[in-house]
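Enquirer: Sharing data02.cif (mmCIF, N, CA and C atoms) below.
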data_model
#
loop_
_atom_site.label_atom_id
_atom_site.label_comp_id
_atom_site.auth_asym_id
_atom_site.auth_seq_id
_atom_site.Cartn_x
_atom_site.Cartn_y
_atom_site.Cartn_z
N MET A 21 0.85 -1.17 0.00
CA MET A 21 0.00 0.00 0.00
C MET A 21 0.89 1.24 0.00
N ALA A 22 0.62 2.19 -0.85
CA ALA A 22 1.43 3.40 -0.97
C ALA A 22 1.15 4.33 0.20
N LYS A 23 2.21 5.00 0.64
CA LYS A 23 2.06 5.98 1.71
C LYS A 23 1.34 7.22 1.18
N LYS A 24 0.51 7.78 2.02
CA LYS A 24 -0.19 9.01 1.66
C LYS A 24 0.81 10.17 1.72
N LYS A 25 0.87 10.96 0.67
CA LYS A 25 1.78 12.09 0.63
C LYS A 25 1.23 13.23 1.48
N GLU A 26 2.14 13.83 2.26
CA GLU A 26 1.74 15.00 3.03
C GLU A 26 1.81 16.23 2.15
N ALA A 27 0.92 17.16 2.41
CA ALA A 27 0.93 18.42 1.66
C ALA A 27 2.20 19.18 1.98
N ILE A 28 2.86 19.67 0.96
CA ILE A 28 4.06 20.45 1.16
C ILE A 28 3.64 21.91 1.35
N VAL A 29 4.04 22.46 2.49
CA VAL A 29 3.73 23.84 2.80
C VAL A 29 4.98 24.66 2.52
N SER A 30 4.83 25.71 1.76
CA SER A 30 5.97 26.56 1.42
C SER A 30 6.52 27.22 2.68
N PRO A 31 7.84 27.22 2.83
CA PRO A 31 8.44 27.90 3.99
C PRO A 31 8.47 29.42 3.80
N PHE A 32 8.05 29.88 2.63
CA PHE A 32 8.14 31.30 2.33
C PHE A 32 6.79 32.00 2.52
N VAL A 33 6.86 33.25 2.91
CA VAL A 33 5.66 34.06 3.07
C VAL A 33 5.23 34.55 1.69
N PRO A 34 3.95 34.36 1.32
CA PRO A 34 3.49 34.84 0.01
C PRO A 34 3.72 36.34 -0.13
N GLU A 35 4.00 36.76 -1.34
CA GLU A 35 4.35 38.16 -1.60
C GLU A 35 3.29 39.14 -1.07
N GLU A 36 2.02 38.77 -1.20
CA GLU A 36 0.96 39.68 -0.76
C GLU A 36 0.91 39.85 0.77
N GLU A 37 1.57 38.96 1.51
CA GLU A 37 1.60 39.06 2.97
C GLU A 37 2.89 39.70 3.50
N GLN A 38 3.83 39.99 2.63
CA GLN A 38 5.11 40.57 3.04
C GLN A 38 4.91 42.05 3.35
N PRO A 39 5.26 42.48 4.57
CA PRO A 39 4.98 43.85 4.98
C PRO A 39 5.82 44.93 4.31
N TYR A 40 7.02 44.58 3.85
CA TYR A 40 7.87 45.57 3.18
C TYR A 40 8.94 44.82 2.38
N PRO A 41 9.52 45.50 1.39
CA PRO A 41 10.54 44.86 0.55
C PRO A 41 11.82 44.59 1.35
N ILE A 42 12.51 43.54 0.96
CA ILE A 42 13.79 43.19 1.57
C ILE A 42 14.81 42.96 0.46
N PRO A 43 16.09 42.91 0.79
CA PRO A 43 17.10 42.70 -0.27
C PRO A 43 16.82 41.44 -1.08
N GLU A 44 17.26 41.45 -2.32
CA GLU A 44 16.98 40.38 -3.28
C GLU A 44 17.46 39.00 -2.81
N ASN A 45 18.57 38.95 -2.08
CA ASN A 45 19.10 37.66 -1.65
C ASN A 45 18.54 37.23 -0.29
N TRP A 46 17.52 37.89 0.23
CA TRP A 46 16.84 37.52 1.46
C TRP A 46 15.50 36.89 1.09
N CYS A 47 14.85 36.28 2.09
CA CYS A 47 13.50 35.77 1.86
C CYS A 47 12.70 35.90 3.15
N TRP A 48 11.41 36.07 2.97
CA TRP A 48 10.49 36.08 4.11
C TRP A 48 10.14 34.63 4.44
N THR A 49 10.10 34.32 5.73
CA THR A 49 9.64 33.00 6.18
C THR A 49 8.87 33.18 7.48
N TYR A 50 8.24 32.13 7.93
CA TYR A 50 7.49 32.16 9.18
C TYR A 50 8.40 31.70 10.32
N ILE A 51 8.23 32.30 11.48
CA ILE A 51 9.07 31.96 12.64
C ILE A 51 8.99 30.47 12.96
N GLY A 52 7.83 29.87 12.73
CA GLY A 52 7.64 28.45 13.02
C GLY A 52 8.49 27.53 12.14
N ASN A 53 9.00 28.05 11.03
CA ASN A 53 9.90 27.25 10.20
C ASN A 53 11.30 27.18 10.81
N CYS A 54 11.64 28.14 11.63
CA CYS A 54 12.98 28.21 12.22
C CYS A 54 13.00 27.77 13.68
N TYR A 55 11.87 27.94 14.35
CA TYR A 55 11.80 27.66 15.79
C TYR A 55 10.49 26.99 16.14
N GLU A 56 10.53 26.11 17.10
CA GLU A 56 9.32 25.59 17.73
C GLU A 56 9.01 26.58 18.85
N VAL A 57 7.85 27.23 18.79
CA VAL A 57 7.50 28.25 19.77
C VAL A 57 6.67 27.59 20.86
N THR A 58 7.18 27.65 22.10
CA THR A 58 6.54 26.97 23.21
C THR A 58 6.82 27.72 24.51
N SER A 59 6.66 27.07 25.63
CA SER A 59 7.01 27.65 26.92
C SER A 59 7.42 26.51 27.84
N SER A 60 7.56 26.80 29.10
CA SER A 60 7.96 25.78 30.07
C SER A 60 6.73 25.15 30.70
N LYS A 61 6.96 24.18 31.53
CA LYS A 61 5.90 23.56 32.33
C LYS A 61 5.69 24.42 33.57
N ARG A 62 4.47 24.53 34.01
CA ARG A 62 4.16 25.38 35.17
C ARG A 62 4.90 24.93 36.43
N VAL A 63 5.48 25.91 37.10
CA VAL A 63 6.08 25.72 38.42
C VAL A 63 5.30 26.63 39.36
N HIS A 64 4.71 26.04 40.39
CA HIS A 64 3.88 26.81 41.31
C HIS A 64 4.72 27.59 42.31
N LYS A 65 4.17 28.69 42.78
CA LYS A 65 4.89 29.57 43.71
C LYS A 65 5.36 28.80 44.94
N GLU A 66 4.59 27.84 45.38
CA GLU A 66 4.99 27.07 46.57
C GLU A 66 6.22 26.19 46.31
N ASP A 67 6.59 26.02 45.03
CA ASP A 67 7.79 25.26 44.67
C ASP A 67 9.04 26.13 44.62
N TRP A 68 8.89 27.45 44.75
CA TRP A 68 10.04 28.34 44.74
C TRP A 68 10.84 28.16 46.02
N LYS A 69 12.16 28.17 45.90
CA LYS A 69 13.06 27.94 47.04
C LYS A 69 14.09 29.08 47.15
N ASP A 70 14.86 29.04 48.24
CA ASP A 70 15.93 30.02 48.45
C ASP A 70 17.26 29.54 47.87
N SER A 71 17.33 28.30 47.47
CA SER A 71 18.55 27.76 46.84
C SER A 71 18.16 26.60 45.95
N GLY A 72 19.10 26.19 45.12
CA GLY A 72 18.84 25.10 44.18
C GLY A 72 19.16 25.54 42.77
N VAL A 73 18.27 25.23 41.83
CA VAL A 73 18.44 25.58 40.42
C VAL A 73 17.80 26.94 40.18
N PRO A 74 18.51 27.89 39.55
CA PRO A 74 17.94 29.21 39.29
C PRO A 74 16.61 29.13 38.53
N PHE A 75 15.68 29.96 38.96
CA PHE A 75 14.35 30.04 38.35
C PHE A 75 14.15 31.48 37.90
N TYR A 76 13.91 31.67 36.59
CA TYR A 76 13.83 33.01 36.02
C TYR A 76 12.39 33.40 35.71
N ARG A 77 12.07 34.62 36.09
CA ARG A 77 10.85 35.27 35.67
C ARG A 77 11.27 36.33 34.65
N THR A 78 10.34 37.18 34.23
CA THR A 78 10.69 38.23 33.27
C THR A 78 11.78 39.14 33.80
N ARG A 79 11.70 39.54 35.06
CA ARG A 79 12.70 40.50 35.58
C ARG A 79 14.11 39.91 35.53
N GLU A 80 14.26 38.61 35.79
CA GLU A 80 15.59 38.00 35.71
C GLU A 80 16.05 37.89 34.26
N LEU A 81 15.12 37.55 33.37
CA LEU A 81 15.48 37.45 31.95
C LEU A 81 15.94 38.80 31.41
N VAL A 82 15.25 39.88 31.77
CA VAL A 82 15.63 41.22 31.32
C VAL A 82 17.02 41.57 31.82
N LYS A 83 17.30 41.30 33.09
CA LYS A 83 18.63 41.59 33.64
C LYS A 83 19.71 40.76 32.94
N LEU A 84 19.43 39.50 32.70
CA LEU A 84 20.39 38.66 31.97
C LEU A 84 20.64 39.19 30.57
N SER A 85 19.58 39.60 29.88
CA SER A 85 19.71 40.10 28.52
C SER A 85 20.51 41.40 28.48
N GLU A 86 20.25 42.28 29.44
CA GLU A 86 20.90 43.58 29.44
C GLU A 86 22.30 43.57 30.05
N ASN A 87 22.50 42.76 31.10
CA ASN A 87 23.77 42.79 31.84
C ASN A 87 24.64 41.55 31.67
N GLY A 88 24.06 40.46 31.18
CA GLY A 88 24.81 39.22 31.05
C GLY A 88 24.86 38.40 32.32
N TYR A 89 24.28 38.89 33.40
CA TYR A 89 24.24 38.16 34.66
C TYR A 89 23.04 38.66 35.47
N VAL A 90 22.69 37.91 36.49
CA VAL A 90 21.62 38.31 37.41
C VAL A 90 21.93 37.71 38.78
N ASP A 91 21.71 38.50 39.81
CA ASP A 91 21.79 37.98 41.18
C ASP A 91 20.43 37.37 41.49
N ASN A 92 20.33 36.08 41.26
CA ASN A 92 19.04 35.42 41.34
C ASN A 92 18.59 35.23 42.78
N GLU A 93 17.31 35.43 43.01
CA GLU A 93 16.72 35.26 44.34
C GLU A 93 15.80 34.04 44.40
N LEU A 94 15.38 33.55 43.25
CA LEU A 94 14.45 32.43 43.20
C LEU A 94 15.11 31.19 42.64
N PHE A 95 14.74 30.05 43.21
CA PHE A 95 15.29 28.77 42.79
C PHE A 95 14.19 27.72 42.89
N ILE A 96 14.45 26.56 42.28
CA ILE A 96 13.60 25.40 42.47
C ILE A 96 14.50 24.24 42.90
N ALA A 97 13.91 23.25 43.54
CA ALA A 97 14.68 22.10 44.02
C ALA A 97 15.30 21.34 42.85
N ASN A 98 16.48 20.80 43.05
CA ASN A 98 17.16 20.00 42.02
C ASN A 98 16.28 18.85 41.54
N GLU A 99 15.56 18.21 42.46
CA GLU A 99 14.71 17.07 42.11
C GLU A 99 13.58 17.49 41.16
N LEU A 100 12.96 18.65 41.45
CA LEU A 100 11.90 19.16 40.57
C LEU A 100 12.48 19.51 39.20
N TYR A 101 13.63 20.15 39.19
CA TYR A 101 14.28 20.51 37.93
C TYR A 101 14.55 19.26 37.09
N GLU A 102 15.11 18.23 37.69
CA GLU A 102 15.41 16.99 36.96
C GLU A 102 14.15 16.35 36.40
N LYS A 103 13.05 16.39 37.15
CA LYS A 103 11.79 15.83 36.67
C LYS A 103 11.25 16.65 35.50
N LEU A 104 11.27 17.98 35.62
CA LEU A 104 10.80 18.84 34.54
C LEU A 104 11.61 18.65 33.27
N VAL A 105 12.93 18.57 33.41
CA VAL A 105 13.80 18.37 32.24
C VAL A 105 13.53 17.01 31.60
N ALA A 106 13.37 15.97 32.42
CA ALA A 106 13.11 14.62 31.88
C ALA A 106 11.77 14.57 31.15
N ASP A 107 10.76 15.26 31.70
CA ASP A 107 9.42 15.20 31.13
C ASP A 107 9.18 16.20 29.99
N TYR A 108 9.82 17.38 30.07
CA TYR A 108 9.47 18.46 29.13
C TYR A 108 10.67 19.10 28.43
N GLY A 109 11.87 18.73 28.80
CA GLY A 109 13.06 19.30 28.18
C GLY A 109 13.50 20.59 28.84
N LYS A 110 14.60 21.13 28.31
CA LYS A 110 15.14 22.39 28.84
C LYS A 110 15.73 23.17 27.68
N PRO A 111 15.84 24.47 27.84
CA PRO A 111 16.45 25.28 26.78
C PRO A 111 17.89 24.84 26.53
N LYS A 112 18.25 24.81 25.25
CA LYS A 112 19.59 24.40 24.84
C LYS A 112 20.33 25.60 24.23
N ILE A 113 21.62 25.46 24.09
CA ILE A 113 22.42 26.51 23.47
C ILE A 113 21.83 26.83 22.09
N GLY A 114 21.61 28.12 21.82
CA GLY A 114 21.02 28.55 20.56
C GLY A 114 19.53 28.79 20.63
N ASP A 115 18.87 28.28 21.67
CA ASP A 115 17.45 28.59 21.86
C ASP A 115 17.35 30.04 22.30
N ILE A 116 16.16 30.61 22.14
CA ILE A 116 15.93 32.00 22.51
C ILE A 116 14.76 32.05 23.48
N LEU A 117 14.90 32.86 24.51
CA LEU A 117 13.81 33.14 25.44
C LEU A 117 13.40 34.59 25.23
N ILE A 118 12.09 34.84 25.17
CA ILE A 118 11.55 36.17 24.94
C ILE A 118 10.57 36.49 26.07
N SER A 119 10.72 37.68 26.67
CA SER A 119 9.80 38.07 27.74
C SER A 119 8.40 38.28 27.15
N GLY A 120 7.40 37.78 27.86
CA GLY A 120 6.03 37.85 27.36
C GLY A 120 5.10 38.67 28.24
N VAL A 121 5.58 39.17 29.38
CA VAL A 121 4.80 40.05 30.25
C VAL A 121 5.72 41.13 30.79
N GLY A 122 5.12 42.17 31.35
CA GLY A 122 5.94 43.27 31.89
C GLY A 122 6.68 43.97 30.76
N THR A 123 7.98 43.87 30.77
CA THR A 123 8.80 44.42 29.68
C THR A 123 8.76 43.39 28.56
N ILE A 124 7.84 43.56 27.63
CA ILE A 124 7.56 42.56 26.60
C ILE A 124 8.58 42.62 25.46
N GLY A 125 8.98 41.45 24.97
CA GLY A 125 9.81 41.36 23.78
C GLY A 125 11.30 41.43 24.01
N VAL A 126 11.75 41.25 25.25
CA VAL A 126 13.19 41.26 25.52
C VAL A 126 13.74 39.86 25.23
N PRO A 127 14.72 39.76 24.32
CA PRO A 127 15.27 38.45 23.95
C PRO A 127 16.51 38.08 24.75
N LEU A 128 16.69 36.78 24.93
CA LEU A 128 17.91 36.24 25.54
C LEU A 128 18.28 34.98 24.78
N ILE A 129 19.50 34.93 24.26
CA ILE A 129 19.98 33.71 23.61
C ILE A 129 20.61 32.83 24.68
N VAL A 130 20.23 31.55 24.73
CA VAL A 130 20.83 30.61 25.65
C VAL A 130 22.24 30.30 25.12
N LYS A 131 23.24 30.60 25.94
CA LYS A 131 24.63 30.47 25.48
C LYS A 131 25.42 29.40 26.21
N GLU A 132 24.84 28.82 27.25
CA GLU A 132 25.55 27.77 27.97
C GLU A 132 24.56 26.75 28.51
N ASN A 133 25.09 25.62 28.93
CA ASN A 133 24.24 24.53 29.43
C ASN A 133 24.02 24.58 30.93
N ALA A 134 24.32 25.70 31.57
CA ALA A 134 24.11 25.81 33.01
C ALA A 134 22.62 25.58 33.32
N PRO A 135 22.32 24.81 34.35
CA PRO A 135 20.92 24.52 34.65
C PRO A 135 20.15 25.76 35.11
N PHE A 136 18.95 25.92 34.58
CA PHE A 136 18.00 26.94 35.03
C PHE A 136 16.64 26.52 34.51
N TYR A 137 15.60 27.08 35.09
CA TYR A 137 14.25 26.88 34.58
C TYR A 137 13.56 28.23 34.59
N PHE A 138 12.39 28.34 33.94
CA PHE A 138 11.76 29.65 33.81
C PHE A 138 10.26 29.56 33.92
N LYS A 139 9.65 30.70 34.20
CA LYS A 139 8.21 30.79 34.47
C LYS A 139 7.39 30.69 33.19
N ASP A 140 6.49 29.74 33.16
CA ASP A 140 5.60 29.55 32.01
C ASP A 140 4.71 30.78 31.83
N GLY A 141 4.39 31.08 30.60
CA GLY A 141 3.50 32.19 30.31
C GLY A 141 4.18 33.55 30.39
N ASN A 142 5.20 33.68 31.21
CA ASN A 142 5.95 34.93 31.31
C ASN A 142 7.06 35.00 30.28
N ILE A 143 7.56 33.84 29.89
CA ILE A 143 8.69 33.76 28.97
C ILE A 143 8.34 32.76 27.87
N ILE A 144 8.53 33.20 26.63
CA ILE A 144 8.27 32.34 25.48
C ILE A 144 9.59 31.70 25.06
N TRP A 145 9.53 30.41 24.76
CA TRP A 145 10.72 29.62 24.45
C TRP A 145 10.73 29.31 22.96
N PHE A 146 11.72 29.83 22.25
CA PHE A 146 11.92 29.52 20.84
C PHE A 146 12.98 28.42 20.77
N GLN A 147 12.54 27.19 20.49
CA GLN A 147 13.46 26.05 20.38
C GLN A 147 14.04 26.04 18.97
N CYS A 148 15.35 26.24 18.88
CA CYS A 148 16.03 26.39 17.59
C CYS A 148 15.99 25.09 16.78
N LYS A 149 15.62 25.21 15.50
CA LYS A 149 15.63 24.08 14.57
C LYS A 149 16.92 24.05 13.75
N GLY A 150 17.84 24.98 14.01
CA GLY A 150 19.13 25.00 13.32
C GLY A 150 19.09 25.63 11.94
N ILE A 151 18.03 26.35 11.62
CA ILE A 151 17.87 26.95 10.29
C ILE A 151 18.27 28.42 10.30
N CYS A 152 18.00 29.09 11.39
CA CYS A 152 18.19 30.54 11.49
C CYS A 152 19.18 30.84 12.61
N LEU A 153 20.07 31.78 12.39
CA LEU A 153 21.00 32.18 13.43
C LEU A 153 20.24 32.85 14.58
N PRO A 154 20.44 32.41 15.82
CA PRO A 154 19.72 33.03 16.93
C PRO A 154 20.01 34.52 17.06
N GLU A 155 21.21 34.94 16.67
CA GLU A 155 21.55 36.37 16.75
C GLU A 155 20.64 37.20 15.85
N TYR A 156 20.19 36.64 14.74
CA TYR A 156 19.29 37.37 13.85
C TYR A 156 17.98 37.68 14.57
N ILE A 157 17.41 36.68 15.23
CA ILE A 157 16.16 36.87 15.96
C ILE A 157 16.38 37.82 17.14
N PHE A 158 17.52 37.67 17.83
CA PHE A 158 17.85 38.54 18.94
C PHE A 158 17.83 40.00 18.50
N TYR A 159 18.54 40.33 17.41
CA TYR A 159 18.61 41.71 16.96
C TYR A 159 17.30 42.18 16.32
N LEU A 160 16.54 41.26 15.77
CA LEU A 160 15.22 41.61 15.26
C LEU A 160 14.35 42.11 16.42
N TYR A 161 14.36 41.38 17.54
CA TYR A 161 13.58 41.80 18.70
C TYR A 161 14.12 43.08 19.32
N LYS A 162 15.40 43.34 19.20
CA LYS A 162 15.99 44.57 19.72
C LYS A 162 15.69 45.78 18.82
N SER A 163 15.36 45.52 17.55
CA SER A 163 15.14 46.61 16.60
C SER A 163 13.72 47.16 16.73
N LYS A 164 13.51 48.34 16.20
CA LYS A 164 12.18 48.94 16.17
C LYS A 164 11.34 48.40 15.01
N LYS A 165 11.98 47.77 14.04
CA LYS A 165 11.30 47.26 12.85
C LYS A 165 10.23 46.23 13.21
N LEU A 166 10.51 45.41 14.22
CA LEU A 166 9.57 44.37 14.63
C LEU A 166 8.26 44.95 15.15
N TYR A 167 8.32 46.13 15.72
CA TYR A 167 7.17 46.70 16.39
C TYR A 167 6.41 47.72 15.55
N GLN A 168 6.72 47.80 14.26
CA GLN A 168 6.02 48.74 13.39
C GLN A 168 4.74 48.15 12.85
#
The structure given in the file should be rewritten as structure tokens.

Expert:
Amino acid sequence: MAKKKEAIVSPFVPEEEQPYPIPENWCWTYIGNCYEVTSSKRVHKEDWKDSGVPFYRTRELVKLSENGYVDNELFIANELYEKLVADYGKPKIGDILISGVGTIGVPLIVKENAPFYFKDGNIIWFQCKGICLPEYIFYLYKSKKLYQ
């Protein structure tokens, strides 16, 4: 029995949907072609600790993005972190985290494998598919062009 062919969806944005012209050697595409857009698993406030694995909310993400470091005050237990990672994964080098509340649209590129977890709904997780340079998305979010 022959396999049913899946519909091929173009990775390119149709010309009529392109908001403005770009250089000839560039192309418009959808973010979902380059990244799986998701978030973390919910961690309840009662699971927050004074030590353990760093837990980031928007304010910590903004400080990390702007300063490259943060004096973290919130943590989760190592056991909870290991369970969350085993069940739902964790951000990897090249993934991007974007603030989704408060100071909206602040990007952070994951640059190391140091353990941390983050607040669901407050931070959007772009899981890199290896097609687009994370720095491109980082600077896109830093530019005013994205918000026009």

Enquirer: Report the residues retrieved by the PyMOL selection byres (((chain A and resi 73 and name CA) around 9) and name CA) from the displayed file, expressed as a ChimeraX atom specification.

Expert: /A:69,71-72,74-75,94-98,101,135-137

Enquirer: Residues within 7 Å of Gly141 (chain A), please, as a PyMOL selection string. Count all atoms listed in the file; anything in the same chain fewer than 4 positions from it doesn't count.

Expert: chain A and resi 59-60+120-121

Enquirer: Using Å and a single decimal, report how far CA of Lys149 (chain A) sits from CA of Trp46 (chain A).

Expert: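 Atom-to-atom, CA of Trp46 (chain A) and CA of Lys149 (chain A) are spaced 18.8 Å apart.
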
Enquirer: Which parts of chain A does DSSP call helix (DSSP H, G or I) when run on the backbone here, written out as number ranges by chain?

Expert: A: 35-37, 51-54, 65-67, 78-87, 98-108, 154-162, 165-167

Enquirer: If you measure from atom C of Arg77 (chain A) to CA of Thr49 (chain A), what distance in Å do you get, rounded to one decimal?

Expert: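 CA of Thr49 (chain A) lies 28.7 Å from atom C of Arg77 (chain A).
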
Enquirer: Take CA of Val105 (chain A) and atom C of Ile144 (chain A) and report the distance between them in Å, one decimal.

Expert: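 Atom C of Ile144 (chain A) lies 15.7 Å from CA of Val105 (chain A).
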
Enquirer: Let's see if you can do this: from backbone DSSP, list all strand (DSSP E) residues in region 36-162 of chain A, as a VMD selection string.

Expert: chain A and resid 55 to 58 68 to 69 73 to 76 95 to 96 116 to 119 127 to 129 137 to 138 143 to 148

Enquirer: Any chance you could resolve the PyMOL selection byres (((chain A and resi 52 and name CA) around 10) and name CA) against this file and give the residues as a list in words?

Expert: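 That selection, the PyMOL selection byres (((chain A and resi 52 and name CA) around 10) and name CA), comes back as Pro31, Thr49, Tyr50, Ile51, Asn53, Cys54, Tyr55, Glu56, Val57, Phe146, Gln147, Cys148 and Lys149 of chain A.
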
Enquirer: Extending 4 Å beyond the listed atoms of region 38-49 of chain A on each side, what axis-aligned box results? I want centre and edge lengths in Å to one decimal, as AutoDock Vina command-line options.

Expert:
--center_x 11.5 --center_y 39.3 --center_z 2.1 --size_x 23.3 --size_y 20.6 --size_z 18.8

Enquirer: Tell me which of A:Tyr89, A:Trp145, A:Trp48, A:Tyr159 sits closest to Lys112 (chain A), counting only C-alpha atoms.

Expert: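 For Lys112 (chain A), the nearest of the candidates is A:Trp145.
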
Enquirer: Using all atoms listed in the file, pick whichever of A:Gly114, A:Phe158, A:Glu44, A:Glu93 has the shortest atom-to-atom distance to Trp68 (chain A).

Expert: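 Smallest separation from Trp68 (chain A) among the options: A:Glu93.
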
Enquirer: For Arg62 (chain A), please output as a PyMOL selection string all residues within 8 Å (counting all atoms listed in the file; exclusion window: fewer than 6 positions along the same chain).

Expert: chain A and resi 138-141

Enquirer: For Phe32 (chain A), which residue among A:Asn142, A:Cys47, A:Gly122, A:Tyr156 is the nearest when counting only C-alpha atoms?

Expert: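 Closest to Phe32 (chain A) of all the choices is A:Cys47.
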
Enquirer: When you look at Val126 (chain A) with a cut-off of 8 Å (counting all atoms listed in the file), what residues show up, excluding the ones that are within fewer than 5 positions of it in the same chain? I need them as a list of chain:residue names.

Expert: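 My list of contacting residues is A:Leu81, A:Val82, A:Ser85, A:Leu117, A:Ile118, A:Ser119, A:Gly120, A:Val121, A:Phe158, A:Tyr161, A:Lys162.
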
Enquirer: Please write as a JSON list (two decimals) with N, CA and C atoms, in the coordinates of the input the full residue list that the PyMOL selection byres ((chain A and resi 113) around 7) yields on this file.

Expert:
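Heads up, here's the output in expr10.json:
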[["chain", "number", "residue", "atom", "x", "y", "z"],
["A", 111, "PRO", "N", 15.84, 24.47, 27.84],
["A", 111, "PRO", "CA", 16.45, 25.28, 26.78],
["A", 111, "PRO", "C", 17.89, 24.84, 26.53],
["A", 112, "LYS", "N", 18.25, 24.81, 25.25],
["A", 112, "LYS", "CA", 19.59, 24.40, 24.84],
["A", 112, "LYS", "C", 20.33, 25.60, 24.23],
["A", 114, "GLY", "N", 21.61, 28.12, 21.82],
["A", 114, "GLY", "CA", 21.02, 28.55, 20.56],
["A", 114, "GLY", "C", 19.53, 28.79, 20.63],
["A", 115, "ASP", "N", 18.87, 28.28, 21.67],
["A", 115, "ASP", "CA", 17.45, 28.59, 21.86],
["A", 115, "ASP", "C", 17.35, 30.04, 22.30],
["A", 116, "ILE", "N", 16.16, 30.61, 22.14],
["A", 116, "ILE", "CA", 15.93, 32.00, 22.51],
["A", 116, "ILE", "C", 14.76, 32.05, 23.48],
["A", 129, "ILE", "N", 19.50, 34.93, 24.26],
["A", 129, "ILE", "CA", 19.98, 33.71, 23.61],
["A", 129, "ILE", "C", 20.61, 32.83, 24.68],
["A", 130, "VAL", "N", 20.23, 31.55, 24.73],
["A", 130, "VAL", "CA", 20.83, 30.61, 25.65],
["A", 130, "VAL", "C", 22.24, 30.30, 25.12],
["A", 131, "LYS", "N", 23.24, 30.60, 25.94],
["A", 131, "LYS", "CA", 24.63, 30.47, 25.48],
["A", 131, "LYS", "C", 25.42, 29.40, 26.21],
["A", 132, "GLU", "N", 24.84, 28.82, 27.25],
["A", 132, "GLU", "CA", 25.55, 27.77, 27.97],
["A", 132, "GLU", "C", 24.56, 26.75, 28.51],
["A", 133, "ASN", "N", 25.09, 25.62, 28.93],
["A", 133, "ASN", "CA", 24.24, 24.53, 29.43],
["A", 133, "ASN", "C", 24.02, 24.58, 30.93]]

Enquirer: Rank A:Thr78, A:Asn45, A:Gln38, A:Ser30 by their smallest atom-to-atom distance to Ile143 (chain A), using only N, CA and C atoms, and report the top residue only.

Expert: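 Going through A:Thr78, A:Asn45, A:Gln38, A:Ser30 one by one, the smallest distance to Ile143 (chain A) is for A:Thr78.
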
Enquirer: For a quick check of understanding, using only C-alpha atoms, which of A:Ile42, A:Ala106, A:Glu36, A:Lys83 has the smallest distance to Leu128 (chain A)?

Expert: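 Once distances to Leu128 (chain A) are computed over only C-alpha atoms, the minimum belongs to A:Lys83.
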